[in-house]
>>> print(open('work_10.txt').read())   # compact mmCIF, C-alpha atoms and all ligand atoms
# COMPACT_ATOMS: atom_id res chain seq x y z
CA MET P 1 -15.21 30.12 156.95
CA LEU P 2 -15.95 31.60 153.58
CA LEU P 3 -18.63 30.16 151.38
CA PRO P 4 -17.26 28.07 148.49
CA GLY P 5 -15.43 30.22 145.99
CA GLY P 6 -15.31 33.12 148.45
CA GLN P 7 -17.77 35.98 148.73
CA GLY P 8 -16.70 37.51 145.42
CA MET P 9 -18.13 34.66 143.44
CA TRP P 10 -21.70 35.82 143.95
CA GLN P 11 -20.99 39.51 143.83
CA ARG P 12 -23.25 39.98 140.79
CA ASN P 13 -26.02 38.40 142.72
CA VAL P 14 -25.62 40.81 145.61
CA VAL P 15 -26.23 43.67 143.26
CA SER P 16 -29.12 41.94 141.58
CA ASN P 17 -30.80 41.15 144.86
CA GLN P 18 -30.21 44.39 146.60
CA ASP P 19 -30.23 47.19 144.05
CA SER P 20 -27.68 49.38 145.76
CA ARG P 21 -27.51 52.60 143.76
CA MET P 22 -25.99 56.04 144.10
CA ALA P 23 -28.39 58.27 145.96
CA VAL P 24 -29.07 61.68 144.43
CA ASP P 25 -26.67 63.27 146.90
CA GLY P 26 -23.89 61.02 145.59
CA SER P 27 -23.66 58.88 148.76
CA ARG P 28 -23.65 55.10 148.43
CA GLN P 29 -27.02 54.25 149.88
CA PRO P 30 -29.35 51.38 149.32
CA VAL P 31 -32.21 52.51 147.13
CA HIS P 32 -35.23 50.42 146.31
CA VAL P 33 -35.91 50.77 142.59
CA PRO P 34 -39.64 50.29 141.89
CA VAL P 35 -40.20 47.55 139.30
CA LEU P 36 -42.50 47.85 136.29
CA LEU P 37 -43.34 51.41 137.32
CA ARG P 38 -44.56 52.71 133.94
CA GLU P 39 -46.60 49.54 133.32
CA THR P 40 -48.11 49.70 136.81
CA LEU P 41 -49.23 53.30 136.36
CA GLU P 42 -50.73 52.40 132.97
CA VAL P 43 -52.77 49.40 134.09
CA LEU P 44 -53.99 51.23 137.19
CA ASP P 45 -55.40 53.91 134.85
CA LEU P 46 -54.90 56.70 137.36
CA ARG P 47 -56.45 60.16 137.29
CA PRO P 48 -56.82 63.07 139.69
CA GLY P 49 -59.15 62.55 142.62
CA LEU P 50 -58.88 58.74 142.95
CA VAL P 51 -58.45 56.88 146.23
CA VAL P 52 -55.54 54.43 145.93
CA VAL P 53 -54.35 51.82 148.42
CA ASP P 54 -50.68 50.86 148.12
CA GLY P 55 -50.69 47.75 150.30
CA THR P 56 -46.90 47.33 150.14
CA VAL P 57 -45.69 50.91 150.28
CA GLY P 58 -42.08 49.90 151.05
CA ALA P 59 -39.65 52.70 150.27
CA GLY P 60 -42.46 54.60 148.56
CA GLY P 61 -41.22 54.27 144.96
CA HIS P 62 -44.55 53.33 143.38
CA ALA P 63 -46.46 55.40 145.95
CA ARG P 64 -44.62 58.58 145.04
CA ALA P 65 -45.55 58.28 141.36
CA ILE P 66 -49.13 57.36 142.27
CA ALA P 67 -49.46 60.40 144.56
CA VAL P 68 -48.44 62.65 141.69
CA ALA P 69 -50.87 60.98 139.26
CA ILE P 70 -53.92 61.32 141.54
CA ALA P 71 -53.34 64.97 142.48
CA PRO P 72 -55.24 67.13 142.89
CA GLY P 73 -57.87 65.73 145.18
CA GLY P 74 -56.66 62.12 145.41
CA VAL P 75 -55.88 60.10 148.53
CA LEU P 76 -53.03 57.60 148.80
CA VAL P 77 -53.40 55.11 151.66
CA GLY P 78 -50.13 53.25 152.18
CA LEU P 79 -49.63 50.12 154.30
CA ASP P 80 -46.58 48.08 155.23
CA ARG P 81 -46.13 45.37 157.83
CA ASP P 82 -42.58 46.63 158.45
CA SER P 83 -42.58 49.68 160.74
CA GLU P 84 -38.91 50.47 160.00
CA ILE P 85 -39.50 50.73 156.29
CA LEU P 86 -42.39 53.12 156.80
CA VAL P 87 -39.80 55.67 157.94
CA SER P 88 -38.32 55.54 154.42
CA ALA P 89 -41.79 55.73 152.86
CA ARG P 90 -42.59 58.80 154.92
CA ALA P 91 -39.36 60.49 153.80
CA ALA P 92 -39.94 59.60 150.13
CA LEU P 93 -43.50 60.81 150.18
CA SER P 94 -42.84 64.02 152.03
CA ALA P 95 -39.82 64.96 149.89
CA GLU P 96 -40.98 64.47 146.37
CA ALA P 97 -44.69 64.29 146.83
CA GLY P 98 -43.94 67.89 148.01
CA ALA P 99 -45.89 69.50 145.20
CA ALA P 100 -48.36 66.63 145.07
CA SER P 101 -48.84 66.27 148.81
CA ALA P 102 -50.44 69.68 149.01
CA GLU P 103 -53.16 68.31 146.78
CA ALA P 104 -53.02 64.50 147.16
CA ARG P 105 -53.48 63.38 150.74
CA VAL P 106 -51.12 60.65 151.97
CA SER P 107 -52.01 58.40 154.90
CA LEU P 108 -49.48 55.73 156.03
CA HIS P 109 -50.17 52.75 158.30
CA HIS P 110 -48.16 50.02 159.98
CA LEU P 111 -50.55 47.23 159.05
CA PRO P 112 -50.56 44.08 156.91
CA PHE P 113 -52.41 44.56 153.61
CA ARG P 114 -55.13 42.15 154.74
CA ALA P 115 -56.15 45.06 157.07
CA MET P 116 -56.60 47.62 154.28
CA ARG P 117 -60.23 48.27 155.27
CA GLN P 118 -59.01 49.34 158.70
CA ALA P 119 -56.43 51.67 157.11
CA LEU P 120 -59.10 53.17 154.85
CA ALA P 121 -61.37 53.72 157.85
CA ALA P 122 -58.54 55.41 159.76
CA ALA P 123 -58.20 57.78 156.80
CA GLY P 124 -61.97 58.46 156.94
CA LEU P 125 -62.77 56.38 153.82
CA THR P 126 -64.92 53.35 153.10
CA ALA P 127 -63.73 52.27 149.64
CA ALA P 128 -60.77 52.46 147.25
CA ASP P 129 -60.71 52.98 143.48
CA ARG P 130 -57.37 51.22 143.00
CA VAL P 131 -55.23 48.77 144.98
CA LEU P 132 -51.58 47.88 144.34
CA LEU P 133 -49.68 44.97 145.91
CA ASP P 134 -45.96 44.72 145.07
CA LEU P 135 -45.01 41.50 146.82
CA GLY P 136 -41.86 40.21 148.46
CA VAL P 137 -39.11 42.03 150.29
CA SER P 138 -37.63 45.44 149.72
CA SER P 139 -33.92 45.93 149.03
CA LEU P 140 -33.95 48.12 152.14
CA GLN P 141 -34.75 44.97 154.14
CA LEU P 142 -32.26 42.76 152.27
CA ASP P 143 -29.50 45.32 152.68
CA ARG P 144 -29.59 45.30 156.47
CA PRO P 145 -27.77 42.25 157.89
CA GLU P 146 -29.46 42.73 161.26
CA ARG P 147 -32.83 41.92 159.64
CA GLY P 148 -31.52 38.46 158.80
CA PHE P 149 -32.85 38.17 155.23
CA SER P 150 -29.54 37.92 153.43
CA PHE P 151 -27.08 35.07 153.11
CA MET P 152 -24.44 37.51 151.87
CA ALA P 153 -23.73 39.11 155.24
CA ASP P 154 -23.80 37.59 158.70
CA GLY P 155 -26.65 38.56 160.99
CA PRO P 156 -29.22 37.11 163.37
CA LEU P 157 -31.50 34.60 161.64
CA ASP P 158 -34.58 36.79 161.89
CA MET P 159 -36.38 37.33 158.52
CA ARG P 160 -39.52 38.81 160.10
CA MET P 161 -41.04 41.53 157.97
CA ASP P 162 -42.90 42.72 161.05
CA SER P 163 -40.53 42.93 164.01
CA ASP P 164 -43.52 42.59 166.35
CA ALA P 165 -44.27 39.10 165.01
CA GLU P 166 -43.41 36.22 167.34
CA VAL P 167 -41.83 33.68 165.02
CA THR P 168 -38.33 34.33 163.67
CA ALA P 169 -36.52 32.16 161.14
CA ALA P 170 -34.35 30.87 164.01
CA SER P 171 -37.33 29.89 166.19
CA TRP P 172 -39.14 28.34 163.22
CA LEU P 173 -36.07 26.29 162.26
CA ALA P 174 -35.64 25.16 165.87
CA THR P 175 -38.98 23.36 165.93
CA VAL P 176 -40.14 22.60 162.37
CA GLY P 177 -40.36 18.87 161.56
CA GLU P 178 -37.92 17.46 159.01
CA ARG P 179 -40.72 16.52 156.60
CA GLU P 180 -42.40 19.93 156.82
CA LEU P 181 -39.07 21.67 156.28
CA ALA P 182 -38.29 19.56 153.22
CA ASP P 183 -41.77 20.23 151.77
CA THR P 184 -41.40 23.97 152.42
CA LEU P 185 -37.99 24.11 150.71
CA PHE P 186 -39.37 22.19 147.75
CA GLN P 187 -42.68 24.01 147.38
CA LEU P 188 -41.69 27.61 148.21
CA GLY P 189 -38.06 27.47 147.06
CA ASP P 190 -38.20 24.95 144.18
CA GLU P 191 -35.18 23.41 145.92
CA ARG P 192 -34.41 20.03 144.33
CA HIS P 193 -32.21 19.00 147.23
CA SER P 194 -34.82 19.81 149.85
CA ARG P 195 -34.60 16.46 151.66
CA ARG P 196 -30.81 16.58 152.05
CA ILE P 197 -30.97 20.14 153.37
CA ALA P 198 -33.80 19.33 155.80
CA ARG P 199 -31.86 16.35 157.13
CA ALA P 200 -28.71 18.47 157.59
CA VAL P 201 -30.66 21.16 159.47
CA VAL P 202 -32.26 18.64 161.82
CA GLU P 203 -28.92 16.96 162.50
CA ALA P 204 -27.10 20.27 163.02
CA ARG P 205 -29.67 21.70 165.42
CA ARG P 206 -29.23 18.66 167.71
CA ARG P 207 -25.65 19.83 168.24
CA THR P 208 -26.15 23.59 168.33
CA PRO P 209 -29.02 26.03 167.67
CA ILE P 210 -29.05 27.65 164.21
CA THR P 211 -29.16 31.35 164.96
CA ARG P 212 -27.07 33.17 162.30
CA THR P 213 -27.58 33.73 158.56
CA ARG P 214 -24.00 32.74 157.70
CA GLN P 215 -24.36 29.56 159.77
CA LEU P 216 -27.51 28.58 157.84
CA ALA P 217 -25.99 29.47 154.46
CA GLU P 218 -22.94 27.30 155.18
CA LEU P 219 -25.11 24.46 156.41
CA VAL P 220 -27.20 24.55 153.22
CA VAL P 221 -24.10 24.62 151.02
CA SER P 222 -22.50 21.73 152.88
CA ALA P 223 -25.66 19.64 152.45
CA LEU P 224 -25.63 20.00 148.67
CA PRO P 225 -23.90 17.60 146.29
CA ALA P 226 -20.67 19.17 145.01
CA ALA P 227 -22.10 19.81 141.53
CA ALA P 228 -24.96 21.87 142.98
CA ARG P 229 -22.67 24.22 144.91
CA HIS P 230 -21.75 26.31 141.88
CA GLY P 231 -24.35 27.95 139.74
CA ARG P 232 -25.77 31.20 138.47
CA ILE P 233 -27.26 31.98 141.86
CA HIS P 234 -25.91 31.49 145.37
CA PRO P 235 -26.71 27.90 146.43
CA ALA P 236 -28.58 29.09 149.54
CA THR P 237 -30.89 31.45 147.58
CA ARG P 238 -33.78 29.01 147.26
CA SER P 239 -33.66 27.88 150.88
CA PHE P 240 -33.57 31.45 152.19
CA GLN P 241 -36.51 32.42 149.99
CA ALA P 242 -38.57 29.42 151.12
CA ILE P 243 -37.85 29.98 154.82
CA ARG P 244 -38.66 33.70 154.52
CA MET P 245 -41.96 32.92 152.82
CA ALA P 246 -42.87 30.37 155.49
CA VAL P 247 -41.87 32.58 158.46
CA ASN P 248 -43.98 35.45 157.11
CA ASP P 249 -46.79 33.18 155.81
CA GLU P 250 -46.56 35.06 152.53
CA LEU P 251 -49.00 32.89 150.56
CA GLY P 252 -51.61 33.03 153.35
CA GLU P 253 -51.17 36.81 153.55
CA LEU P 254 -51.52 37.11 149.78
CA GLN P 255 -54.81 35.18 149.71
CA ALA P 256 -56.18 37.32 152.58
CA GLY P 257 -54.91 40.49 150.88
CA LEU P 258 -56.59 39.67 147.56
CA GLU P 259 -59.88 39.05 149.35
CA ALA P 260 -59.53 42.29 151.33
CA ALA P 261 -58.83 44.23 148.12
CA VAL P 262 -61.94 42.94 146.38
CA ALA P 263 -64.02 43.76 149.47
CA CYS P 264 -62.67 47.34 149.53
CA LEU P 265 -62.80 48.22 145.81
CA SER P 266 -65.61 50.43 144.54
CA PRO P 267 -67.45 49.22 141.38
CA GLY P 268 -65.11 49.44 138.39
CA GLY P 269 -62.10 49.50 140.73
CA ARG P 270 -58.78 47.96 139.74
CA LEU P 271 -56.38 45.66 141.56
CA ALA P 272 -52.78 45.32 140.32
CA VAL P 273 -50.35 42.77 141.74
CA ILE P 274 -46.62 42.40 141.08
CA SER P 275 -45.25 39.00 142.07
CA PHE P 276 -41.81 37.42 141.92
CA HIS P 277 -42.59 33.80 142.60
CA SER P 278 -44.40 31.21 140.47
CA HIS P 279 -46.72 30.12 143.31
CA GLU P 280 -47.72 33.71 144.01
CA ASP P 281 -48.33 34.40 140.33
CA ARG P 282 -50.51 31.30 139.98
CA LEU P 283 -52.57 32.31 142.99
CA VAL P 284 -52.97 35.86 141.65
CA LYS P 285 -53.88 34.68 138.14
CA GLN P 286 -56.55 32.28 139.39
CA PHE P 287 -57.99 34.82 141.81
CA LEU P 288 -58.17 37.65 139.26
CA ARG P 289 -59.79 35.36 136.66
CA ALA P 290 -62.33 34.02 139.16
CA HIS P 291 -63.38 37.38 140.62
CA GLY P 292 -62.55 40.09 138.09
CA ALA P 293 -61.99 40.93 134.44
CA PRO P 294 -58.25 40.84 133.64
CA VAL P 295 -56.96 44.01 131.95
CA THR P 296 -54.31 42.12 129.94
CA LYS P 297 -54.43 38.50 128.78
CA LYS P 298 -50.83 37.80 129.77
CA PRO P 299 -48.88 39.20 132.71
CA LEU P 300 -46.70 42.21 131.94
CA VAL P 301 -42.98 41.62 132.39
CA ALA P 302 -39.92 43.89 132.42
CA GLN P 303 -38.32 45.02 129.15
CA PRO P 304 -34.59 44.25 128.62
CA ALA P 305 -33.63 47.86 129.42
CA GLU P 306 -35.29 47.65 132.85
CA ILE P 307 -33.72 44.24 133.57
CA ASP P 308 -30.37 45.74 132.67
CA GLN P 309 -30.86 48.59 135.13
CA ASN P 310 -32.54 46.55 137.83
CA PRO P 311 -31.88 42.78 137.64
CA ARG P 312 -34.47 42.14 140.34
CA SER P 313 -37.18 42.98 137.77
CA ARG P 314 -36.26 39.86 135.74
CA SER P 315 -38.71 37.65 137.61
CA ALA P 316 -41.47 40.26 138.13
CA LYS P 317 -44.95 39.61 136.74
CA LEU P 318 -47.66 42.27 136.80
CA ARG P 319 -51.33 41.33 136.60
CA CYS P 320 -54.32 43.63 136.89
CA ALA P 321 -58.08 43.17 136.82
CA VAL P 322 -61.20 45.34 136.98
CA PHE P 323 -63.84 44.40 139.56
CA GLY P 324 -67.57 44.86 139.61
CA GLU P 325 -67.75 46.07 136.00
CA ALA P 326 -66.55 44.75 132.62
CA VAL P 327 -63.40 46.27 131.10
CA ALA P 328 -64.34 48.89 128.47
C1 LIG P 401 -41.09 44.88 147.05
S1 LIG P 401 -41.34 45.88 148.46
C2 LIG P 401 -42.38 47.17 147.89
C3 LIG P 401 -41.63 48.29 147.25
C4 LIG P 401 -42.47 49.50 146.92
N1 LIG P 401 -43.48 49.20 145.93
C5 LIG P 401 -41.57 50.62 146.43
O1 LIG P 401 -41.70 51.02 145.27
O2 LIG P 401 -40.74 51.09 147.20
C6 LIG P 401 -42.48 44.93 149.38
C7 LIG P 401 -42.90 45.57 150.68
O3 LIG P 401 -44.09 44.92 151.07
C8 LIG P 401 -44.07 44.74 152.46
N2 LIG P 401 -44.98 43.62 152.72
C9 LIG P 401 -44.80 42.33 152.40
N3 LIG P 401 -45.88 41.60 152.77
C10 LIG P 401 -46.76 42.50 153.32
C11 LIG P 401 -48.07 42.36 153.87
N4 LIG P 401 -48.69 41.18 153.95
N5 LIG P 401 -48.68 43.47 154.29
C12 LIG P 401 -48.08 44.69 154.21
N6 LIG P 401 -46.83 44.86 153.72
C13 LIG P 401 -46.19 43.77 153.27
C14 LIG P 401 -42.63 44.50 152.80
O4 LIG P 401 -42.38 44.82 154.15
C15 LIG P 401 -41.92 45.42 151.82
O5 LIG P 401 -41.69 46.67 152.40
>>> encode(input="work_10.txt", output="structure tokens", more="lines below")
Ligand SMILES: C[S@@+](CC[C@H](N)C(=O)[O-])C[C@H]1O[C@@H](n2cnc3c(N)ncnc32)[C@H](O)[C@@H]1O
Amino acid sequence: MLLPGGQGMWQRNVVSNQDSRMAVDGSRQPVHVPVLLRETLEVLDLRPGLVVVDGTVGAGGHARAIAVAIAPGGVLVGLDRDSEILVSARAALSAEAGAASAEARVSLHHLPFRAMRQALAAAGLTAADRVLLDLGVSSLQLDRPERGFSFMADGPLDMRMDSDAEVTAASWLATVGERELADTLFQLGDERHSRRIARAVVEARRRTPITRTRQLAELVVSALPAAARHGRIHPATRSFQAIRMAVNDELGELQAGLEAAVACLSPGGRLAVISFHSHEDRLVKQFLRAHGAPVTKKPLVAQPAEIDQNPRSRSAKLRCAVFGEAVA
């Protein structure tokens, strides 16, 4: 069964979510386009010799530019909780960092960003001058149906960023209480029809386990009132986002990551965070105000030209603060 209106209806959204682009060799490959790159480099105030932690190294887009900016003599410590994506980071950093890598050391780790002290120690370091967290999922994860993040292609209902983690979206949905599911959809997905969807999930799983992304997407759509089935975004977008955030405990990880960053930064160090979700941004704003000196009063957002090139940047907010010393 096709989703209402057929797959084509949300084609624009596929592109906006997944940033497929021509690779330099002309092949059609998914490429993760780093958001707010120029702004991130500016607020981090990079210079040669600095130690920088990229806690969400992903495909290495930001990391590559950082490695160049801190050479010679700098160290880039990259972390990601997804071991598969680190393969892409390694490739990106060895290819272009080429010139830089001779002079900026790169050290990559399969760890959550809350463990950045451990990654620094493994690289023989005790503190960082800068930390970057670029939250959410990478297009490289969204683009692979077998990872189960996308409602646009059928795949196992997985959604784990770290494939070693125990809880998948399918196992979470099999046991979560109706009330908790509704609250999650409402709080993490801003889904107005959270109660109807939660009820439909609980009823459906009595008949058959929910194990596929297409199955869940169709279930969500069928639970919505007719008027809510057609909109600017795919009607399952909010539910998928909320379930992904719950399965990966993204808000809990963010809080732990912010605390780890402050504990690792040397005096005068800077922490920059790019978020895509209002709850994340609120948490980041409050944390940076409470513990540091914000570099800009308002969050930096993408300019129209960037949004045009990379629609995913539309909801990005960049905040940065200096720790242990007032901003000059
Ligand atoms: C938006 S992508 C980062 C893209 C990267 N800045 C680039 O330019 O290619 C987010 C990445 O963060 C990773 N991630 C999310 N939460 C994490 C956590 N708590 N610890 C470590 N990595 C995490 C994801 O696996 C994903 O690869």
>>> closest_atom_pairs(input="work_10.txt", of="segment 168-255 of chain P", to="segment 72-85 of chain P", cutoff="12 Å", atoms="all atoms listed in the file", output="tab-separated table")
residue	atom	partner	partner_atom	distance
P:Asn248	CA	P:Arg81	CA	10.2
P:Glu250	CA	P:Arg81	CA	11.6
P:Glu253	CA	P:Arg81	CA	10.8
>>> atom_distance(input="work_10.txt", atom1="atom CA of Thr40 of chain P", atom2="atom N6 of ligand LIG 401 (chain P)")
17.6 Å
>>> closest_residue(input="work_10.txt", among="P:Gly124, P:Pro267, P:Pro34, P:Gly189", to="Ser139 of chain P", atoms="all atoms listed in the file")
P:Pro34
>>> atom_distance(input="work_10.txt", atom1="atom O2 of ligand LIG 401 (chain P)", atom2="atom CA of Asp134 of chain P")
8.5 Å
>>> atom_distance(input="work_10.txt", atom1="atom CA of Val131 of chain P", atom2="atom CA of Ala261 of chain P")
6.6 Å
>>> closest_residue(input="work_10.txt", among="P:Val43, P:Arg117, P:Leu251, P:Ala246", to="Asp183 of chain P", atoms="all atoms listed in the file")
P:Ala246
>>> residues_near_ligand(input="work_10.txt", ligand="ligand LIG 401 (chain P)", cutoff="7 Å", atoms="all atoms listed in the file", output="ChimeraX atom specification")
/P:32-34,55-63,79-82,85,111-114,134-138,161,250,253-254,257
